[in-house]
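Source file start-v6.csv; content: CSV, C-alpha atoms.
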chain,number,residue,atom,x,y,z
A,1,MET,CA,129.7,169.7,80.2
A,2,ASN,CA,131.6,172.5,78.4
A,3,LYS,CA,132.5,170.1,75.5
A,4,LEU,CA,128.9,169.0,75.1
A,5,LEU,CA,127.7,172.6,75.1
A,6,TYR,CA,130.3,173.5,72.5
A,7,LYS,CA,129.2,170.7,70.1
A,8,PHE,CA,125.6,171.8,70.5
A,9,LEU,CA,126.3,175.4,69.6
A,10,VAL,CA,128.4,174.4,66.6
A,11,ALA,CA,125.5,172.2,65.3
A,12,ILE,CA,123.0,175.1,65.6
A,13,VAL,CA,125.3,177.6,63.9
A,14,SER,CA,126.2,175.2,61.0
A,15,ALA,CA,122.6,174.1,60.1
A,16,PRO,CA,121.6,177.2,58.0
A,17,PHE,CA,124.8,176.9,55.9
A,18,ILE,CA,124.3,173.3,55.1
A,19,SER,CA,120.6,173.9,54.2
A,20,ALA,CA,121.7,176.8,51.9
A,21,CYS,CA,124.3,174.6,50.2
A,22,ASN,CA,121.7,171.9,49.5
A,23,THR,CA,119.3,174.5,48.1
A,24,GLU,CA,122.0,175.9,45.8
A,25,ASN,CA,122.8,172.4,44.5
A,26,GLN,CA,119.1,171.8,43.6
A,27,THR,CA,118.9,175.2,41.7
A,28,ASP,CA,122.0,174.3,39.6
A,29,ALA,CA,120.8,170.8,38.7
A,30,PRO,CA,121.3,170.2,34.9
A,31,LEU,CA,118.3,170.9,32.6
A,32,SER,CA,116.9,168.0,30.6
A,33,ILE,CA,114.6,167.6,27.6
A,34,ARG,CA,111.8,167.1,30.1
A,35,ASP,CA,112.1,170.8,31.1
A,36,VAL,CA,111.6,172.0,27.4
A,37,THR,CA,108.4,173.9,26.7
A,38,THR,CA,109.2,175.2,23.1
A,39,ILE,CA,111.5,174.2,20.3
A,40,GLU,CA,113.1,176.4,17.6
A,41,ILE,CA,114.9,174.9,14.7
A,42,THR,CA,117.3,176.6,12.3
A,43,ALA,CA,119.2,175.7,9.1
A,44,PRO,CA,122.5,177.3,7.9
A,45,LYS,CA,120.9,178.0,4.5
A,46,ALA,CA,117.6,177.5,2.7
A,47,ASP,CA,118.9,176.1,-0.6
A,48,ILE,CA,121.1,173.0,-1.0
A,49,ALA,CA,122.4,171.0,-3.9
A,50,LYS,CA,121.7,167.3,-4.7
A,51,SER,CA,123.8,165.1,-2.4
A,52,GLU,CA,124.7,168.1,-0.2
A,53,SER,CA,124.3,167.7,3.6
A,54,VAL,CA,123.8,170.5,6.2
A,55,GLN,CA,123.5,170.4,10.0
A,56,LEU,CA,120.2,171.5,11.4
A,57,THR,CA,120.0,172.8,15.0
A,58,ALA,CA,117.1,172.3,17.5
A,59,ASN,CA,117.2,174.5,20.6
A,60,GLY,CA,114.7,173.9,23.4
A,61,THR,CA,113.6,176.6,25.8
A,62,THR,CA,112.5,175.8,29.3
A,63,SER,CA,109.8,177.5,31.4
A,64,GLY,CA,112.6,179.4,33.2
A,65,GLY,CA,113.9,180.8,29.9
A,66,ASN,CA,117.0,178.6,29.7
A,67,VAL,CA,118.0,177.4,26.2
A,68,ILE,CA,119.5,174.0,25.5
A,69,ASP,CA,120.7,172.2,22.4
A,70,ILE,CA,118.5,169.1,21.8
A,71,SER,CA,119.4,168.5,18.1
A,72,SER,CA,120.1,164.8,18.8
A,73,GLU,CA,117.2,164.2,21.1
A,74,VAL,CA,114.2,165.3,19.0
A,75,GLU,CA,112.4,163.4,16.2
A,76,TRP,CA,113.1,165.1,12.9
A,77,ARG,CA,110.5,165.0,10.2
A,78,SER,CA,110.6,165.9,6.5
A,79,SER,CA,107.4,166.6,4.5
A,80,ASP,CA,109.1,165.1,1.3
A,81,THR,CA,111.7,162.5,1.9
A,82,ASP,CA,112.2,162.1,-1.8
A,83,SER,CA,113.7,165.6,-1.8
A,84,VAL,CA,115.2,165.9,1.7
A,85,THR,CA,115.9,163.4,4.5
A,86,VAL,CA,117.0,164.3,8.0
A,87,ASP,CA,118.8,161.7,10.2
A,88,SER,CA,118.5,161.4,14.0
A,89,LYS,CA,121.3,163.9,14.6
A,90,GLY,CA,119.7,166.6,12.5
A,91,ILE,CA,121.8,166.2,9.3
A,92,ALA,CA,119.7,167.1,6.3
A,93,THR,CA,120.6,165.7,2.9
A,94,GLY,CA,119.3,166.7,-0.5
A,95,PHE,CA,118.3,164.1,-3.1
A,96,GLU,CA,115.8,165.1,-5.7
A,97,THR,CA,115.0,168.6,-6.9
A,98,GLY,CA,112.1,170.1,-4.9
A,99,SER,CA,111.3,171.5,-1.4
A,100,ALA,CA,110.6,169.9,2.0
A,101,THR,CA,109.3,171.4,5.2
A,102,ILE,CA,111.3,170.3,8.2
A,103,THR,CA,110.0,170.1,11.8
A,104,ALA,CA,111.3,168.7,15.1
A,105,HIS,CA,109.2,166.9,17.8
A,106,VAL,CA,109.5,165.8,21.4
A,107,ASN,CA,107.1,165.2,24.3
A,108,GLY,CA,104.2,166.3,22.2
A,109,ILE,CA,105.9,169.6,21.3
A,110,THR,CA,106.3,170.7,17.7
A,111,SER,CA,108.9,173.1,16.5
A,112,ASN,CA,108.6,175.9,14.0
A,113,GLU,CA,108.9,175.0,10.3
A,114,VAL,CA,112.0,175.4,8.1
A,115,THR,CA,111.9,174.9,4.4
A,116,LEU,CA,114.8,173.4,2.5
A,117,THR,CA,114.9,173.5,-1.3
A,118,VAL,CA,117.1,171.2,-3.4
A,119,LEU,CA,118.3,173.1,-6.4
A,120,PRO,CA,118.6,171.6,-9.9
A,121,ALA,CA,122.1,170.4,-10.8
A,122,GLN,CA,124.2,173.0,-12.5
A,123,LEU,CA,126.2,172.3,-15.7
A,124,SER,CA,129.9,172.4,-14.9
A,125,GLU,CA,131.6,170.9,-18.0
A,126,ILE,CA,131.1,169.9,-21.6
A,127,GLN,CA,132.9,167.0,-23.3
A,128,ILE,CA,132.9,166.5,-27.0
A,129,SER,CA,133.2,163.0,-28.5
A,130,PRO,CA,135.4,162.1,-30.3
A,131,PRO,CA,138.2,164.3,-28.8
A,132,TYR,CA,140.1,164.0,-32.1
A,133,LEU,CA,139.3,162.6,-35.5
A,134,SER,CA,140.6,162.5,-39.1
A,135,LEU,CA,138.0,162.7,-41.9
A,136,ILE,CA,138.3,162.3,-45.6
A,137,GLN,CA,137.1,165.2,-47.8
A,138,GLY,CA,133.4,165.0,-48.5
A,139,LYS,CA,132.7,162.7,-45.6
A,140,GLN,CA,130.6,163.5,-42.5
A,141,ARG,CA,130.7,162.5,-38.9
A,142,GLN,CA,128.2,163.1,-36.1
A,143,LEU,CA,129.8,164.6,-33.0
A,144,SER,CA,128.2,164.4,-29.6
A,145,ALA,CA,128.3,166.7,-26.5
A,146,LEU,CA,128.1,165.3,-23.0
A,147,GLY,CA,127.1,167.6,-20.2
A,148,ILE,CA,128.7,167.0,-16.8
A,149,TYR,CA,126.8,168.5,-13.8
A,150,ASP,CA,127.9,169.5,-10.3
A,151,ASP,CA,126.1,166.6,-8.7
A,152,GLU,CA,128.3,164.2,-10.9
A,153,THR,CA,125.4,163.3,-13.2
A,154,THR,CA,125.7,163.5,-17.0
A,155,ALA,CA,123.4,164.1,-19.9
A,156,GLU,CA,123.5,164.1,-23.7
A,157,ILE,CA,123.2,167.8,-24.7
A,158,SER,CA,124.3,167.7,-28.4
A,159,ALA,CA,121.0,169.4,-29.5
A,160,SER,CA,121.2,172.1,-26.8
A,161,VAL,CA,124.7,173.4,-27.4
A,162,GLU,CA,126.0,175.9,-30.0
A,163,TRP,CA,128.5,174.3,-32.2
A,164,HIS,CA,131.4,176.2,-33.7
A,165,SER,CA,134.2,175.5,-36.2
A,166,ASP,CA,137.2,177.8,-36.3
A,167,ASN,CA,137.9,176.9,-39.9
A,168,GLU,CA,134.8,176.5,-42.0
A,169,ALA,CA,136.9,176.3,-45.2
A,170,ALA,CA,138.1,172.9,-43.9
A,171,ALA,CA,135.0,171.7,-42.0
A,172,THR,CA,131.6,173.0,-41.1
A,173,ILE,CA,129.3,171.7,-38.3
A,174,ASP,CA,125.5,172.1,-38.1
A,175,ALA,CA,123.2,172.7,-35.1
A,176,SER,CA,122.9,169.0,-34.4
A,177,GLY,CA,126.7,168.4,-34.3
A,178,LEU,CA,127.0,166.9,-37.8
A,179,LEU,CA,130.6,167.7,-39.1
A,180,THR,CA,131.2,167.9,-42.8
A,181,ALA,CA,134.7,167.7,-44.2
A,182,LEU,CA,135.3,170.2,-47.1
A,183,ASP,CA,139.0,170.7,-47.7
A,184,ASP,CA,142.5,169.7,-46.4
A,185,GLY,CA,143.3,171.3,-43.1
A,186,GLU,CA,142.4,171.3,-39.5
A,187,ALA,CA,139.3,172.7,-37.8
A,188,VAL,CA,139.0,173.2,-34.0
A,189,ILE,CA,135.4,172.4,-32.9
A,190,THR,CA,133.8,173.7,-29.7
A,191,ALA,CA,130.4,173.5,-28.1
A,192,THR,CA,129.0,176.2,-25.9
A,193,VAL,CA,125.9,176.5,-23.6
A,194,GLU,CA,125.0,178.7,-20.6
A,195,GLY,CA,128.4,180.4,-20.9
A,196,ILE,CA,130.3,177.1,-20.6
A,197,VAL,CA,132.7,176.2,-23.4
A,198,SER,CA,133.8,172.7,-24.0
A,199,GLU,CA,137.4,171.5,-24.4
A,200,PRO,CA,138.1,171.7,-28.1
A,201,THR,CA,138.2,168.7,-30.4
A,202,THR,CA,140.5,168.8,-33.5
A,203,SER,CA,139.3,167.5,-36.8
A,204,LYS,CA,141.9,166.8,-39.4
A,205,ILE,CA,140.6,166.9,-43.0
A,206,CYS,CA,142.8,165.0,-45.4
A,207,GLN,CA,143.1,162.5,-48.3
A,208,LEU,CA,143.2,158.8,-47.3
A,209,GLN,CA,146.6,158.3,-48.9
A,210,ASP,CA,148.0,161.1,-46.7
A,211,GLU,CA,148.0,161.3,-42.8
A,212,CYS,CA,144.4,160.2,-42.6
A,213,LEU,CA,142.6,157.1,-41.3
A,214,SER,CA,139.1,156.6,-42.7
A,215,GLU,CA,136.4,155.3,-40.5
A,216,VAL,CA,132.9,153.9,-40.9
A,217,ASP,CA,130.6,154.7,-37.9
A,218,LYS,CA,127.7,152.4,-37.4
A,219,GLN,CA,125.7,153.8,-34.4
A,220,GLY,CA,128.9,154.1,-32.3
A,221,LYS,CA,130.6,151.0,-33.7
A,222,ARG,CA,133.6,152.2,-35.7
A,223,PHE,CA,135.7,150.4,-38.3
A,224,THR,CA,139.0,151.8,-39.6
A,225,SER,CA,140.5,151.4,-43.1
A,226,SER,CA,144.0,150.0,-43.5
A,227,PRO,CA,146.4,152.9,-42.8
A,228,SER,CA,148.6,154.7,-45.4
A,229,GLU,CA,152.4,154.5,-45.3
A,230,VAL,CA,152.4,158.3,-44.9
A,231,LEU,CA,150.3,158.0,-41.7
A,232,LEU,CA,152.4,155.3,-40.2
A,233,THR,CA,155.6,157.3,-40.9
A,234,SER,CA,154.1,160.4,-39.3
A,235,LEU,CA,153.4,158.2,-36.2
A,236,ALA,CA,156.9,156.6,-36.3
A,237,TYR,CA,155.1,153.3,-36.4
A,238,SER,CA,157.1,150.5,-37.9
A,239,GLN,CA,155.3,147.2,-37.1
A,240,TYR,CA,153.9,146.6,-40.6
A,241,ASP,CA,155.4,144.3,-43.2
A,242,SER,CA,155.3,146.2,-46.5
A,243,THR,CA,153.1,148.4,-48.6
A,244,TYR,CA,150.7,147.9,-51.5
A,245,SER,CA,150.4,150.5,-54.3
A,246,GLU,CA,146.8,151.4,-55.0
A,247,GLU,CA,146.2,152.8,-58.5
A,248,GLY,CA,142.8,154.4,-58.2
A,249,ILE,CA,140.8,151.4,-59.4
A,250,ASP,CA,140.0,149.5,-56.2
A,251,GLY,CA,141.5,152.0,-53.9
A,252,PRO,CA,142.8,155.6,-53.8
A,253,GLU,CA,146.2,156.2,-55.4
A,254,GLY,CA,148.9,155.8,-52.9
A,255,GLU,CA,150.9,153.4,-50.7
A,256,PHE,CA,149.0,151.5,-48.0
A,257,ALA,CA,150.4,149.2,-45.2
A,258,VAL,CA,149.9,145.5,-45.3
A,259,PHE,CA,150.4,143.2,-42.3
A,260,THR,CA,150.9,139.6,-41.3
A,261,HIS,CA,148.1,138.5,-39.0
A,262,SER,CA,150.2,139.1,-35.8
A,263,ASN,CA,151.2,142.6,-36.9
A,264,ALA,CA,147.6,143.4,-37.8
A,265,VAL,CA,146.6,142.5,-34.2
A,266,LYS,CA,149.5,144.7,-33.0
A,267,TRP,CA,148.3,147.7,-35.1
A,268,CYS,CA,144.8,147.5,-33.5
A,269,LYS,CA,146.4,147.2,-30.0
A,270,TYR,CA,148.5,150.3,-30.8
A,271,LEU,CA,145.3,152.3,-31.5
A,272,ALA,CA,143.8,151.0,-28.3
A,273,SER,CA,146.9,151.8,-26.1
A,274,ASN,CA,147.0,155.3,-27.6
A,275,GLN,CA,143.2,155.8,-27.1
A,276,TYR,CA,142.6,156.7,-30.7
A,277,GLU,CA,139.4,158.8,-30.8
A,278,GLY,CA,139.2,158.5,-27.0
A,279,ARG,CA,138.7,154.7,-27.1
A,280,SER,CA,140.8,151.9,-25.6
A,281,ASN,CA,139.0,148.8,-27.0
A,282,TRP,CA,140.2,148.7,-30.6
A,283,ARG,CA,140.6,145.2,-31.9
A,284,LEU,CA,140.9,143.3,-35.2
A,285,ALA,CA,137.5,143.0,-36.9
A,286,SER,CA,135.8,139.6,-37.1
A,287,ARG,CA,135.0,137.8,-40.3
A,288,ASN,CA,131.2,138.4,-39.9
A,289,GLU,CA,131.8,142.1,-39.1
A,290,LEU,CA,133.8,142.6,-42.3
A,291,LEU,CA,131.5,140.4,-44.4
A,292,GLN,CA,128.1,141.5,-43.1
A,293,GLU,CA,128.5,145.0,-41.5
A,294,LEU,CA,130.9,146.4,-44.1
A,295,TYR,CA,130.7,144.6,-47.4
A,296,GLY,CA,127.1,143.4,-46.8
A,297,GLU,CA,125.9,147.0,-46.2
A,298,PHE,CA,128.2,149.1,-48.4
A,299,GLY,CA,129.4,146.7,-51.1
A,300,HIS,CA,132.7,147.8,-52.8
A,301,MET,CA,134.4,149.8,-50.0
A,302,TYR,CA,136.5,151.9,-52.3
A,303,LEU,CA,133.5,153.0,-54.3
A,304,ALA,CA,131.3,153.4,-51.2
A,305,GLN,CA,133.8,154.8,-48.6
A,306,GLY,CA,137.0,155.5,-50.5
A,307,TRP,CA,138.9,152.7,-48.7
A,308,PRO,CA,141.9,150.8,-50.1
A,309,ALA,CA,140.3,147.5,-51.2
A,310,SER,CA,142.6,145.8,-53.8
A,311,ARG,CA,143.8,143.5,-51.0
A,312,VAL,CA,141.7,141.4,-48.7
A,313,TYR,CA,141.4,142.3,-45.0
A,314,TRP,CA,142.5,140.2,-42.0
A,315,SER,CA,139.8,139.1,-39.5
A,316,ASN,CA,140.3,137.7,-36.0
A,317,THR,CA,138.2,134.6,-36.8
A,318,ALA,CA,140.4,131.5,-36.7
A,319,ASN,CA,140.0,128.3,-38.7
A,320,GLY,CA,142.5,125.9,-37.1
A,321,SER,CA,146.0,127.5,-37.6
A,322,LYS,CA,144.6,129.9,-40.3
A,323,TYR,CA,142.6,133.0,-40.1
A,324,TYR,CA,139.8,134.2,-42.4
A,325,ASN,CA,140.3,137.2,-44.6
A,326,VAL,CA,137.5,139.1,-46.5
A,327,GLY,CA,137.6,141.0,-49.7
A,328,LEU,CA,135.9,144.3,-49.3
A,329,TYR,CA,135.6,144.7,-53.1
A,330,ASP,CA,133.8,141.5,-53.8
A,331,GLY,CA,132.9,139.8,-50.5
A,332,PHE,CA,135.2,136.9,-51.1
A,333,THR,CA,136.3,135.1,-47.9
A,334,LEU,CA,139.0,132.5,-47.3
A,335,ALA,CA,141.0,131.0,-44.4
A,336,ASP,CA,144.6,131.8,-45.0
A,337,PHE,CA,148.0,131.3,-43.4
A,338,PRO,CA,148.8,134.1,-40.8
A,339,ASN,CA,152.1,135.0,-42.5
A,340,ARG,CA,150.4,136.4,-45.6
A,341,THR,CA,150.5,140.2,-45.8
A,342,VAL,CA,147.1,141.9,-46.4
A,343,TYR,CA,145.1,144.9,-45.1
A,344,ALA,CA,143.8,145.4,-41.5
A,345,SER,CA,140.6,146.9,-40.2
A,346,CYS,CA,140.2,147.6,-36.5
A,347,VAL,CA,136.9,147.9,-34.8
A,348,SER,CA,135.8,149.6,-31.6
A,349,VAL,CA,132.4,149.4,-29.9
A,350,ALA,CA,131.2,152.4,-27.8
A,351,ALA,CA,131.6,151.6,-24.1
What is this structure when it is put down as structure tokens?
Amino acid sequence: MNKLLYKFLVAIVSAPFISACNTENQTDAPLSIRDVTTIEITAPKADIAKSESVQLTANGTTSGGNVIDISSEVEWRSSDTDSVTVDSKGIATGFETGSATITAHVNGITSNEVTLTVLPAQLSEIQISPPYLSLIQGKQRQLSALGIYDDETTAEISASVEWHSDNEAAATIDASGLLTALDDGEAVITATVEGIVSEPTTSKICQLQDECLSEVDKQGKRFTSSPSEVLLTSLAYSQYDSTYSEEGIDGPEGEFAVFTHSNAVKWCKYLASNQYEGRSNWRLASRNELLQELYGEFGHMYLAQGWPASRVYWSNTANGSKYYNVGLYDGFTLADFPNRTVYASCVSVAA
């Protein structure tokens, strides 16, 4: 009987403690989104750049005043998804310039509004093309300025920049970027806008028989004249076969390099590998390019452009084991053996 009485008394005394423990466990049960009565959203900043992402936060408040993070449990909405999108985790990303109102929703509850504005891209760099050029006295060349923005987009801004030549005795440049060669020497050209200054481009003004390579620019497609011996010597370039002496009749007075067909091809590859004027696609011109785009448009290339023209120019157009050459003083064309030594014109098309 004493043992039974003891067990009974223990049970009576322990019951309140067990009940209290159960009540405490119920009070500490984890809160869920079902307990939320209001939602407040926040953003780390109001302005974002294109392609920039920021983490939004949604905090839910319960009737008891407890606050829980429900950023991944709400439905996020943007008033303008062309400007800003928000994924299921609350990550907002800017796309097009503009503003969007962001809200969060759950269980029929709508949060406060947050406005995100996608700012216009900011100019970060200016690149001038070409980065280097040689120009014969009296000739002109159109330069271009490319704007690079912080969202990695680019735009043609030649008409918006302020052009500057540091040696106007050698070369001047107008408001549109048109460079005019005046006298022997070098001119460093820069373009400036919004306080940003381009990397300089160097323009060498010279005579064709000196360290100069003349070009014809046809809407971005460029043709070079055959190089002078002086230019090749300055480049330490030796893969030409001999020289031809122009006497001022069909070419400027001076010594100009002549090439076999294989060496003419190598000369154009040399320009490409050294990215002459920032280009890597220089090649030997075709028969039609020489005949139609140069002689067909300009006629006698010495009289029109100052090129050496007493010898014909190689083309890359084959006729059996021979290659066509073209006379740029009379338009004469003939398929000839590749070991003949004549002039070479390289061509590059804008990428």
Go through region 107-207 of chain A and flag each residue having an atom no more than 12 Å from region 230-248 of chain A; for those, report the closest pair of atoms plus their distance in Å to one decimal, using all atoms listed in the file, ordered by chain and rising number, as JSON lines.
{"residue": "A:Ser134", "atom": "CA", "partner": "A:Leu231", "partner_atom": "CA", "distance": 11.0}
{"residue": "A:Cys206", "atom": "CA", "partner": "A:Leu231", "partner_atom": "CA", "distance": 10.9}
{"residue": "A:Gln207", "atom": "CA", "partner": "A:Leu231", "partner_atom": "CA", "distance": 10.8}
Length of the CA of Asp330 (chain A) to CA of Leu294 (chain A) vector [Å]: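 Result for CA of Asp330 (chain A) versus CA of Leu294 (chain A): 11.2 Å, one decimal.
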Point (109.6, 175.1, -0.8), cut-off 8 Å, counting only C-alpha atoms, residues as a PyMOL selection string: chain A and resi 98-101+115-117
All residues 7 Å or closer to region 325-328 of chain A, only C-alpha atoms, same chain fewer than 5 positions away omitted, as a PyMOL selection string: chain A and resi 287+290-291+295+300-301+309+311-315+333-336
Contacts of Glu215 (chain A) at 8 Å (all atoms listed in the file; same-chain gap of 2+ positions) as a list in words: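 So, after excluding close chain neighbours, the residues are Leu135, Leu213, Asp217, Arg222, Phe223, Thr224 and Ser225 of chain A.
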Dump as CSV the rows for residues of region 37-63 of chain A within 12 Å of region 152-157 of chain A: closest atom pair and distance in Å with one decimal, only C-alpha atoms counted, ordered by chain and rising residue number.
residue,atom,partner,partner_atom,distance
A:Ala49,CA,A:Glu152,CA,11.4
A:Lys50,CA,A:Glu152,CA,9.6
A:Ser51,CA,A:Glu152,CA,9.7
A:Glu52,CA,A:Glu152,CA,11.9
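Here the question is which of A:Gly220, A:Gly60, A:Gly195, A:Pro44 gets nearest to Val106 (chain A) using all atoms listed in the file, and that residue is A:Gly60.
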Within 8 Å of Thr37 (chain A) using all atoms listed in the file, minus same-chain residues under 2 positions, as a PyMOL selection string: chain A and resi 35+39+60-63+109
Nearby residues, (120.8, 165.0, -30.8) file frame, 10 Å, only C-alpha atoms, as a list in words: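 Residues close enough to count: Gln142, Leu143, Ser144, Ala145, Glu156, Ile157, Ser158, Ala159, Ser160, Val161, Ala175, Ser176, Gly177 and Leu178 of chain A.
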Non-local contacts of Ser198 (chain A) (6 Å; all atoms listed in the file; under 4 positions in same chain excluded) as a short mmCIF file (atom, residue, chain, number, x, y, z; two decimals) with C-alpha atoms, keeping the file's coordinate frame:
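To be explicit, this is the file written out as part28.cif:
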data_model
loop_
_atom_site.label_atom_id
_atom_site.label_comp_id
_atom_site.auth_asym_id
_atom_site.auth_seq_id
_atom_site.Cartn_x
_atom_site.Cartn_y
_atom_site.Cartn_z
CA ILE A 126 131.10 169.90 -21.60
CA GLN A 127 132.90 167.00 -23.30
CA THR A 190 133.80 173.70 -29.70
CA ALA A 191 130.40 173.50 -28.10
#
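Closest to Ala257 (chain A) among A:Ala344, A:Leu182, A:Leu284, A:Val216 is A:Ala344, based on all atoms listed in the file.
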Between CA of Lys218 (chain A) and CA of Pro338 (chain A), distance in Å (one decimal):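 According to the coordinates, CA of Lys218 (chain A) and CA of Pro338 (chain A) are separated by 28.1 Å.
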Shell around Ser280 (chain A) at 10 Å using all atoms listed in the file, local window under 4 positions removed, as an MDAnalysis selection string: chainID A and resid 268:276 348:351
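For the choices A:Ile33, A:Ala92, A:Val347, A:Ile41, the atom-to-atom distance to Asn66 (chain A) is smallest for A:Ile33 when using all atoms listed in the file.
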Atom pair CA of Ile102 (chain A) / CA of Val36 (chain A): separation (Å):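 Separating CA of Ile102 (chain A) from CA of Val36 (chain A) is a distance of 19.3 Å.
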Could region 245-266 of chain A be completed with N, CA and C atoms and returned as a short mmCIF file (atom, residue, chain, number, x, y, z; two decimals), keeping the file's coordinate frame?
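Once written, result31.cif looks like this:
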data_model
loop_
_atom_site.label_atom_id
_atom_site.label_comp_id
_atom_site.auth_asym_id
_atom_site.auth_seq_id
_atom_site.Cartn_x
_atom_site.Cartn_y
_atom_site.Cartn_z
N SER A 245 150.65 149.26 -53.49
CA SER A 245 150.40 150.50 -54.30
C SER A 245 148.98 150.39 -54.89
N GLU A 246 148.09 151.24 -54.41
CA GLU A 246 146.80 151.40 -55.00
C GLU A 246 146.87 152.33 -56.22
N GLU A 247 146.10 152.04 -57.27
CA GLU A 247 146.20 152.80 -58.50
C GLU A 247 144.93 153.55 -58.87
N GLY A 248 144.03 153.69 -57.90
CA GLY A 248 142.80 154.40 -58.20
C GLY A 248 141.70 153.60 -58.81
N ILE A 249 141.87 152.28 -58.83
CA ILE A 249 140.80 151.40 -59.40
C ILE A 249 140.00 150.76 -58.28
N ASP A 250 140.68 150.08 -57.38
CA ASP A 250 140.00 149.50 -56.20
C ASP A 250 140.46 150.15 -54.92
N GLY A 251 141.06 151.30 -55.03
CA GLY A 251 141.50 152.00 -53.90
C GLY A 251 142.12 153.35 -54.31
N PRO A 252 142.22 154.34 -53.41
CA PRO A 252 142.80 155.60 -53.80
C PRO A 252 144.28 155.51 -54.08
N GLU A 253 144.75 156.29 -55.02
CA GLU A 253 146.20 156.20 -55.40
C GLU A 253 147.05 156.50 -54.21
N GLY A 254 148.01 155.60 -53.97
CA GLY A 254 148.90 155.80 -52.90
C GLY A 254 149.41 154.47 -52.31
N GLU A 255 150.30 154.56 -51.32
CA GLU A 255 150.90 153.40 -50.70
C GLU A 255 150.18 153.11 -49.36
N PHE A 256 149.72 151.85 -49.20
CA PHE A 256 149.00 151.50 -48.00
C PHE A 256 149.65 150.26 -47.34
N ALA A 257 149.67 150.27 -46.00
CA ALA A 257 150.40 149.20 -45.20
C ALA A 257 149.64 147.91 -45.33
N VAL A 258 150.44 146.83 -45.42
CA VAL A 258 149.90 145.50 -45.30
C VAL A 258 150.61 144.79 -44.15
N PHE A 259 149.92 143.81 -43.54
CA PHE A 259 150.40 143.20 -42.30
C PHE A 259 150.24 141.70 -42.32
N THR A 260 151.16 141.01 -41.64
CA THR A 260 150.90 139.60 -41.30
C THR A 260 149.77 139.66 -40.23
N HIS A 261 149.20 138.52 -39.92
CA HIS A 261 148.10 138.50 -39.00
C HIS A 261 148.54 139.05 -37.60
N SER A 262 149.69 138.63 -37.13
CA SER A 262 150.20 139.10 -35.80
C SER A 262 150.40 140.58 -35.78
N ASN A 263 150.92 141.13 -36.87
CA ASN A 263 151.20 142.60 -36.90
C ASN A 263 149.86 143.35 -37.08
N ALA A 264 148.87 142.73 -37.73
CA ALA A 264 147.60 143.40 -37.80
C ALA A 264 146.95 143.51 -36.42
N VAL A 265 147.10 142.47 -35.60
CA VAL A 265 146.60 142.50 -34.20
C VAL A 265 147.36 143.62 -33.45
N LYS A 266 148.66 143.72 -33.65
CA LYS A 266 149.50 144.70 -33.00
C LYS A 266 149.04 146.14 -33.35
#
